[in-house]
>>> print(open('protein-v9.pdb').read())   # PDB, C-alpha atoms and all ligand atoms
ATOM      1  CA  MET A   6     -23.421   0.211  27.663  1.00  0.00           C
ATOM      2  CA  ILE A   7     -20.671   2.541  26.502  1.00  0.00           C
ATOM      3  CA  SER A   8     -20.765   3.920  22.994  1.00  0.00           C
ATOM      4  CA  ARG A   9     -17.285   4.583  21.636  1.00  0.00           C
ATOM      5  CA  GLU A  10     -16.119   6.376  18.537  1.00  0.00           C
ATOM      6  CA  LEU A  11     -13.093   5.767  16.330  1.00  0.00           C
ATOM      7  CA  ARG A  12     -11.468   8.706  14.551  1.00  0.00           C
ATOM      8  CA  ILE A  13      -9.117   8.257  11.620  1.00  0.00           C
ATOM      9  CA  GLN A  14      -6.990  11.185  10.504  1.00  0.00           C
ATOM     10  CA  TYR A  15      -5.550  11.243   6.973  1.00  0.00           C
ATOM     11  CA  SER A  16      -4.331  13.876   4.525  1.00  0.00           C
ATOM     12  CA  GLU A  17      -5.430  14.606   0.989  1.00  0.00           C
ATOM     13  CA  TYR A  18      -3.363  16.147  -1.791  1.00  0.00           C
ATOM     14  CA  THR A  19      -4.438  17.307  -5.238  1.00  0.00           C
ATOM     15  CA  GLY A  20      -1.511  15.637  -7.007  1.00  0.00           C
ATOM     16  CA  THR A  21       2.154  14.663  -6.832  1.00  0.00           C
ATOM     17  CA  GLU A  22       3.266  18.299  -7.188  1.00  0.00           C
ATOM     18  CA  ALA A  23       1.663  19.006  -3.798  1.00  0.00           C
ATOM     19  CA  LEU A  24       3.158  15.893  -2.131  1.00  0.00           C
ATOM     20  CA  PRO A  25       6.298  16.200   0.010  1.00  0.00           C
ATOM     21  CA  GLU A  26       9.399  14.404  -1.183  1.00  0.00           C
ATOM     22  CA  PRO A  27      10.175  11.495  -1.112  1.00  0.00           C
ATOM     23  CA  TRP A  28       6.507  10.493  -1.381  1.00  0.00           C
ATOM     24  CA  ALA A  29       6.148  12.097  -4.816  1.00  0.00           C
ATOM     25  CA  ARG A  30       9.089  10.009  -6.005  1.00  0.00           C
ATOM     26  CA  LEU A  31       7.494   6.916  -4.503  1.00  0.00           C
ATOM     27  CA  VAL A  32       4.206   7.539  -6.336  1.00  0.00           C
ATOM     28  CA  GLU A  33       6.110   7.998  -9.614  1.00  0.00           C
ATOM     29  CA  ALA A  34       7.879   4.666  -9.000  1.00  0.00           C
ATOM     30  CA  ALA A  35       4.537   2.942  -8.314  1.00  0.00           C
ATOM     31  CA  ARG A  36       3.060   4.360 -11.532  1.00  0.00           C
ATOM     32  CA  LYS A  37       5.994   3.001 -13.537  1.00  0.00           C
ATOM     33  CA  ALA A  38       5.592  -0.389 -11.858  1.00  0.00           C
ATOM     34  CA  ALA A  39       1.865  -0.477 -12.713  1.00  0.00           C
ATOM     35  CA  ASP A  40       2.772  -0.196 -16.414  1.00  0.00           C
ATOM     36  CA  GLN A  41       4.604  -3.513 -16.098  1.00  0.00           C
ATOM     37  CA  ALA A  42       1.878  -5.448 -14.275  1.00  0.00           C
ATOM     38  CA  TYR A  43       0.981  -8.923 -15.524  1.00  0.00           C
ATOM     39  CA  SER A  44      -2.805  -8.727 -15.423  1.00  0.00           C
ATOM     40  CA  PRO A  45      -4.224 -10.285 -18.621  1.00  0.00           C
ATOM     41  CA  TYR A  46      -7.319 -11.579 -16.794  1.00  0.00           C
ATOM     42  CA  SER A  47      -8.555  -8.488 -14.961  1.00  0.00           C
ATOM     43  CA  GLY A  48      -6.973  -5.811 -17.133  1.00  0.00           C
ATOM     44  CA  PHE A  49      -6.425  -3.947 -13.835  1.00  0.00           C
ATOM     45  CA  ARG A  50      -2.827  -2.808 -13.429  1.00  0.00           C
ATOM     46  CA  VAL A  51      -1.646  -2.103  -9.893  1.00  0.00           C
ATOM     47  CA  GLY A  52       1.756  -0.732  -8.922  1.00  0.00           C
ATOM     48  CA  ALA A  53       3.256  -0.534  -5.442  1.00  0.00           C
ATOM     49  CA  ALA A  54       6.504   1.073  -4.307  1.00  0.00           C
ATOM     50  CA  VAL A  55       8.096   0.903  -0.872  1.00  0.00           C
ATOM     51  CA  LEU A  56      10.623   3.170   0.754  1.00  0.00           C
ATOM     52  CA  LEU A  57      12.955   1.395   3.179  1.00  0.00           C
ATOM     53  CA  ALA A  58      14.615   3.061   6.159  1.00  0.00           C
ATOM     54  CA  ASP A  59      17.993   2.951   4.357  1.00  0.00           C
ATOM     55  CA  GLY A  60      16.557   4.927   1.429  1.00  0.00           C
ATOM     56  CA  THR A  61      16.111   1.933  -0.895  1.00  0.00           C
ATOM     57  CA  VAL A  62      13.038   2.103  -3.158  1.00  0.00           C
ATOM     58  CA  LEU A  63      11.573  -1.208  -4.347  1.00  0.00           C
ATOM     59  CA  THR A  64       8.617  -1.745  -6.663  1.00  0.00           C
ATOM     60  CA  GLY A  65       6.151  -4.490  -7.492  1.00  0.00           C
ATOM     61  CA  ASN A  66       2.967  -5.035  -9.463  1.00  0.00           C
ATOM     62  CA  ASN A  67       0.132  -7.541  -9.593  1.00  0.00           C
ATOM     63  CA  GLN A  68       0.997 -10.958 -11.023  1.00  0.00           C
ATOM     64  CA  GLU A  69      -2.046 -12.860 -12.249  1.00  0.00           C
ATOM     65  CA  ASN A  70      -2.423 -16.513 -13.133  1.00  0.00           C
ATOM     66  CA  ALA A  71      -4.794 -18.615 -15.255  1.00  0.00           C
ATOM     67  CA  ALA A  72      -5.510 -20.417 -11.970  1.00  0.00           C
ATOM     68  CA  TYR A  73      -6.872 -17.170 -10.526  1.00  0.00           C
ATOM     69  CA  PRO A  74      -6.127 -17.603  -6.786  1.00  0.00           C
ATOM     70  CA  SER A  75      -2.457 -18.263  -7.578  1.00  0.00           C
ATOM     71  CA  GLY A  76      -1.981 -14.625  -8.537  1.00  0.00           C
ATOM     72  CA  LEU A  77      -0.661 -12.004  -6.138  1.00  0.00           C
ATOM     73  CA  CYS A  78      -1.407  -8.330  -5.497  1.00  0.00           C
ATOM     74  CA  ALA A  79       1.180  -5.629  -6.168  1.00  0.00           C
ATOM     75  CA  GLU A  80       1.479  -4.766  -2.481  1.00  0.00           C
ATOM     76  CA  ARG A  81       2.370  -8.267  -1.327  1.00  0.00           C
ATOM     77  CA  THR A  82       4.667  -8.805  -4.324  1.00  0.00           C
ATOM     78  CA  VAL A  83       6.880  -5.900  -3.256  1.00  0.00           C
ATOM     79  CA  LEU A  84       6.503  -6.429   0.504  1.00  0.00           C
ATOM     80  CA  PHE A  85       7.571 -10.061   0.391  1.00  0.00           C
ATOM     81  CA  TYR A  86      10.513  -9.098  -1.826  1.00  0.00           C
ATOM     82  CA  ALA A  87      11.531  -6.390   0.650  1.00  0.00           C
ATOM     83  CA  ASN A  88      11.209  -8.733   3.631  1.00  0.00           C
ATOM     84  CA  ALA A  89      13.074 -11.511   1.840  1.00  0.00           C
ATOM     85  CA  ASN A  90      15.980  -9.406   0.610  1.00  0.00           C
ATOM     86  CA  PHE A  91      16.258  -6.609   3.167  1.00  0.00           C
ATOM     87  CA  PRO A  92      15.507  -8.349   6.482  1.00  0.00           C
ATOM     88  CA  GLY A  93      16.108  -5.975   9.372  1.00  0.00           C
ATOM     89  CA  VAL A  94      15.464  -2.849   7.307  1.00  0.00           C
ATOM     90  CA  PRO A  95      12.115  -1.281   8.277  1.00  0.00           C
ATOM     91  CA  VAL A  96       9.589  -0.361   5.601  1.00  0.00           C
ATOM     92  CA  GLU A  97       8.778   3.329   6.065  1.00  0.00           C
ATOM     93  CA  ALA A  98       6.228   4.021   3.358  1.00  0.00           C
ATOM     94  CA  MET A  99       4.292   2.421   0.517  1.00  0.00           C
ATOM     95  CA  ALA A 100       2.673   4.108  -2.486  1.00  0.00           C
ATOM     96  CA  ILE A 101      -0.059   2.328  -4.452  1.00  0.00           C
ATOM     97  CA  THR A 102      -1.569   3.225  -7.788  1.00  0.00           C
ATOM     98  CA  ALA A 103      -3.838   1.496 -10.337  1.00  0.00           C
ATOM     99  CA  ALA A 104      -5.081   1.793 -13.893  1.00  0.00           C
ATOM    100  CA  ASN A 105      -7.824   0.110 -15.890  1.00  0.00           C
ATOM    101  CA  ALA A 106      -8.526   0.158 -19.633  1.00  0.00           C
ATOM    102  CA  ARG A 107      -9.505   3.845 -19.357  1.00  0.00           C
ATOM    103  CA  GLY A 108      -6.227   4.795 -17.645  1.00  0.00           C
ATOM    104  CA  GLN A 109      -5.404   5.742 -14.070  1.00  0.00           C
ATOM    105  CA  VAL A 110      -8.318   5.295 -11.667  1.00  0.00           C
ATOM    106  CA  ASN A 111      -9.921   8.488 -10.374  1.00  0.00           C
ATOM    107  CA  GLU A 112     -10.097   7.616  -6.686  1.00  0.00           C
ATOM    108  CA  PRO A 113      -7.110   6.578  -4.543  1.00  0.00           C
ATOM    109  CA  VAL A 114      -6.639   2.801  -4.759  1.00  0.00           C
ATOM    110  CA  LYS A 115      -7.121   0.958  -1.464  1.00  0.00           C
ATOM    111  CA  PRO A 116      -5.163  -2.167  -0.529  1.00  0.00           C
ATOM    112  CA  CYS A 117      -7.226  -5.358  -0.229  1.00  0.00           C
ATOM    113  CA  GLY A 118      -7.800  -6.999   3.152  1.00  0.00           C
ATOM    114  CA  ALA A 119      -5.121  -9.660   2.724  1.00  0.00           C
ATOM    115  CA  CYS A 120      -2.521  -7.017   1.828  1.00  0.00           C
ATOM    116  CA  ARG A 121      -3.507  -4.930   4.853  1.00  0.00           C
ATOM    117  CA  GLN A 122      -2.897  -7.975   7.055  1.00  0.00           C
ATOM    118  CA  VAL A 123       0.583  -8.496   5.546  1.00  0.00           C
ATOM    119  CA  LEU A 124       1.365  -4.785   5.867  1.00  0.00           C
ATOM    120  CA  LEU A 125       0.386  -4.990   9.531  1.00  0.00           C
ATOM    121  CA  GLU A 126       2.728  -7.935  10.090  1.00  0.00           C
ATOM    122  CA  THR A 127       5.573  -5.929   8.524  1.00  0.00           C
ATOM    123  CA  GLU A 128       4.834  -2.978  10.809  1.00  0.00           C
ATOM    124  CA  ALA A 129       4.887  -5.283  13.828  1.00  0.00           C
ATOM    125  CA  ARG A 130       8.065  -7.026  12.665  1.00  0.00           C
ATOM    126  CA  TYR A 131       9.991  -3.742  12.654  1.00  0.00           C
ATOM    127  CA  SER A 132       7.916  -1.843  15.237  1.00  0.00           C
ATOM    128  CA  HIS A 133       7.645   0.860  12.606  1.00  0.00           C
ATOM    129  CA  PRO A 134       4.463   2.346  11.102  1.00  0.00           C
ATOM    130  CA  ILE A 135       4.175   2.196   7.320  1.00  0.00           C
ATOM    131  CA  ARG A 136       2.979   5.477   5.847  1.00  0.00           C
ATOM    132  CA  MET A 137       0.458   4.652   3.094  1.00  0.00           C
ATOM    133  CA  ILE A 138       0.245   6.887   0.030  1.00  0.00           C
ATOM    134  CA  LEU A 139      -2.829   5.994  -2.020  1.00  0.00           C
ATOM    135  CA  ASP A 140      -2.733   7.439  -5.501  1.00  0.00           C
ATOM    136  CA  GLY A 141      -5.722   8.471  -7.638  1.00  0.00           C
ATOM    137  CA  LYS A 142      -6.202  10.887 -10.521  1.00  0.00           C
ATOM    138  CA  LYS A 143      -8.540  13.116  -8.496  1.00  0.00           C
ATOM    139  CA  ARG A 144      -6.646  13.000  -5.207  1.00  0.00           C
ATOM    140  CA  ILE A 145      -3.866  11.321  -3.244  1.00  0.00           C
ATOM    141  CA  GLN A 146      -4.575  10.185   0.296  1.00  0.00           C
ATOM    142  CA  VAL A 147      -1.895   9.658   2.946  1.00  0.00           C
ATOM    143  CA  PHE A 148      -2.556   7.471   5.990  1.00  0.00           C
ATOM    144  CA  ASN A 149      -0.167   7.384   8.953  1.00  0.00           C
ATOM    145  CA  GLY A 150      -0.106   3.614   9.307  1.00  0.00           C
ATOM    146  CA  ILE A 151      -1.994   0.361   8.838  1.00  0.00           C
ATOM    147  CA  ASP A 152      -3.929   0.691  12.096  1.00  0.00           C
ATOM    148  CA  ASP A 153      -5.860   3.453  10.342  1.00  0.00           C
ATOM    149  CA  LEU A 154      -6.711   1.166   7.406  1.00  0.00           C
ATOM    150  CA  LEU A 155      -7.246  -1.997   9.441  1.00  0.00           C
ATOM    151  CA  PRO A 156      -8.554  -1.095  12.885  1.00  0.00           C
ATOM    152  CA  PHE A 157      -9.452  -3.808  15.412  1.00  0.00           C
ATOM    153  CA  SER A 158      -6.969  -6.123  13.720  1.00  0.00           C
ATOM    154  CA  PHE A 159      -5.554  -9.486  14.666  1.00  0.00           C
ATOM    155  CA  LYS A 160      -1.812  -8.968  15.075  1.00  0.00           C
ATOM    156  CA  PRO A 161       1.196 -10.691  16.674  1.00  0.00           C
ATOM    157  CA  ALA A 162       0.327  -9.195  20.080  1.00  0.00           C
ATOM    158  CA  SER A 163      -3.139 -10.787  19.801  1.00  0.00           C
ATOM    159  CA  LEU A 164      -1.533 -14.231  20.212  1.00  0.00           C
ATOM    160  CA  LYS A 165      -0.477 -13.199  23.706  1.00  0.00           C
ATOM    161  CA  GLY A 166      -4.023 -12.242  24.603  1.00  0.00           C
TER     162      GLY A 166
HETATM  163  N1  LIG A 201      -5.008  -6.000  -6.867  1.00  0.00           N
HETATM  164  C1  LIG A 201      -3.828  -5.548  -6.366  1.00  0.00           C
HETATM  165  O1  LIG A 201      -2.756  -5.819  -6.907  1.00  0.00           O
HETATM  166  N2  LIG A 201      -3.867  -4.794  -5.245  1.00  0.00           N
HETATM  167  C2  LIG A 201      -5.008  -4.411  -4.598  1.00  0.00           C
HETATM  168  O2  LIG A 201      -4.939  -3.760  -3.566  1.00  0.00           O
HETATM  169  C3  LIG A 201      -6.309  -4.773  -5.148  1.00  0.00           C
HETATM  170  C4  LIG A 201      -6.299  -5.750  -6.259  1.00  0.00           C
HETATM  171  C5  LIG A 201      -4.981  -6.811  -8.087  1.00  0.00           C
HETATM  172  C6  LIG A 201      -5.352  -8.238  -7.916  1.00  0.00           C
HETATM  173  C7  LIG A 201      -5.819  -8.594  -9.308  1.00  0.00           C
HETATM  174  O3  LIG A 201      -4.682  -8.920 -10.090  1.00  0.00           O
HETATM  175  C8  LIG A 201      -6.406  -7.311  -9.841  1.00  0.00           C
HETATM  176  O4  LIG A 201      -5.886  -6.270  -9.023  1.00  0.00           O
HETATM  177  C9  LIG A 201      -7.922  -7.258  -9.819  1.00  0.00           C
HETATM  178  O5  LIG A 201      -8.419  -7.531  -8.554  1.00  0.00           O
END
>>> encode(input="protein-v9.pdb", output="structure tokens")
Amino acid sequence: MISRELRIQYSEYTGTEALPEPWARLVEAARKAADQAYSPYSGFRVGAAVLLADGTVLTGNNQENAAYPSGLCAERTVLFYANANFPGVPVEAMAITAANARGQVNEPVKPCGACRQVLLETEARYSHPIRMILDGKKRIQVFNGIDDLLPFSFKPASLKG
């Protein structure tokens, strides 16, 4: 038996003023996007912003539906838009933020499992890690790529064994 250990390195910042550009700008864009979320059922507003390799910034937010499973998270809303309209342009970074009825959440918002899987596919598509900037009122966490949020994943290379 061999016991192995997995280490994940990430950075924490006290707020946007401490964040390097253009991440601070990306967080601001995500916050604006969260304000425009369509989330009448959960009351939870999520905003996501991506930075493309050509400098383009795109935003998305969660889109809910009376038939609940038909809704979509903010992260996939903006990722699918980016992949549909900017094919061939790698996604370099994504910022995520969220607010409930009491305002912005205290802890950095984490992408759901399905969004992590789609983020991973986008990384693989462009062979480019996506820097993840997770925004919260108390702190902002920055992860180097999706492998650090979704270790031991099933990815395109897994199909080849
Ligand atoms: N949501 C997101 O948009 N992103 C996440 O990472 C977590 C959850 C949305 C889905 C739903 O509209 C609401 O937040 C409550 O789960």
>>> resolve_selection(input="protein-v9.pdb", expression="the PyMOL selection byres (((chain A and resi 124) around 10) and not hetatm)", output="PDB file with C-alpha atoms, keeping the file's coordinate frame")
ATOM      1  CA  GLU A  80       1.479  -4.766  -2.481  1.00  0.00           C
ATOM      2  CA  ARG A  81       2.370  -8.267  -1.327  1.00  0.00           C
ATOM      3  CA  LEU A  84       6.503  -6.429   0.504  1.00  0.00           C
ATOM      4  CA  PHE A  85       7.571 -10.061   0.391  1.00  0.00           C
ATOM      5  CA  VAL A  96       9.589  -0.361   5.601  1.00  0.00           C
ATOM      6  CA  MET A  99       4.292   2.421   0.517  1.00  0.00           C
ATOM      7  CA  PRO A 116      -5.163  -2.167  -0.529  1.00  0.00           C
ATOM      8  CA  GLY A 118      -7.800  -6.999   3.152  1.00  0.00           C
ATOM      9  CA  ALA A 119      -5.121  -9.660   2.724  1.00  0.00           C
ATOM     10  CA  CYS A 120      -2.521  -7.017   1.828  1.00  0.00           C
ATOM     11  CA  ARG A 121      -3.507  -4.930   4.853  1.00  0.00           C
ATOM     12  CA  GLN A 122      -2.897  -7.975   7.055  1.00  0.00           C
ATOM     13  CA  VAL A 123       0.583  -8.496   5.546  1.00  0.00           C
ATOM     14  CA  LEU A 125       0.386  -4.990   9.531  1.00  0.00           C
ATOM     15  CA  GLU A 126       2.728  -7.935  10.090  1.00  0.00           C
ATOM     16  CA  THR A 127       5.573  -5.929   8.524  1.00  0.00           C
ATOM     17  CA  GLU A 128       4.834  -2.978  10.809  1.00  0.00           C
ATOM     18  CA  ALA A 129       4.887  -5.283  13.828  1.00  0.00           C
ATOM     19  CA  ARG A 130       8.065  -7.026  12.665  1.00  0.00           C
ATOM     20  CA  PRO A 134       4.463   2.346  11.102  1.00  0.00           C
ATOM     21  CA  ILE A 135       4.175   2.196   7.320  1.00  0.00           C
ATOM     22  CA  MET A 137       0.458   4.652   3.094  1.00  0.00           C
ATOM     23  CA  GLY A 150      -0.106   3.614   9.307  1.00  0.00           C
ATOM     24  CA  ILE A 151      -1.994   0.361   8.838  1.00  0.00           C
ATOM     25  CA  ASP A 152      -3.929   0.691  12.096  1.00  0.00           C
ATOM     26  CA  LEU A 155      -7.246  -1.997   9.441  1.00  0.00           C
TER      27      LEU A 155
END
>>> atom_distance(input="protein-v9.pdb", atom1="atom CA of A:Leu57", atom2="atom CA of A:Tyr15")
21.3 Å
>>> residues_near_ligand(input="protein-v9.pdb", ligand="ligand LIG 201 (chain A)", cutoff="7 Å", atoms="only C-alpha atoms and all ligand atoms", output="number ranges by chain")
A: 44, 47, 49-51, 66-69, 76-80, 114-117, 120
>>> closest_residue(input="protein-v9.pdb", among="A:Ala89, A:Arg136, A:Pro95, A:Ala100", to="A:Asp153", atoms="all atoms listed in the file")
A:Arg136
>>> closest_residue(input="protein-v9.pdb", among="A:Gly141, A:Pro74, A:Gly48, A:Pro27", to="A:Glu97", atoms="all atoms listed in the file")
A:Pro27
>>> closest_residue(input="protein-v9.pdb", among="A:Ala53, A:Ala39, A:Val83, A:Ile101", to="A:Gln146", atoms="all atoms listed in the file")
A:Ile101
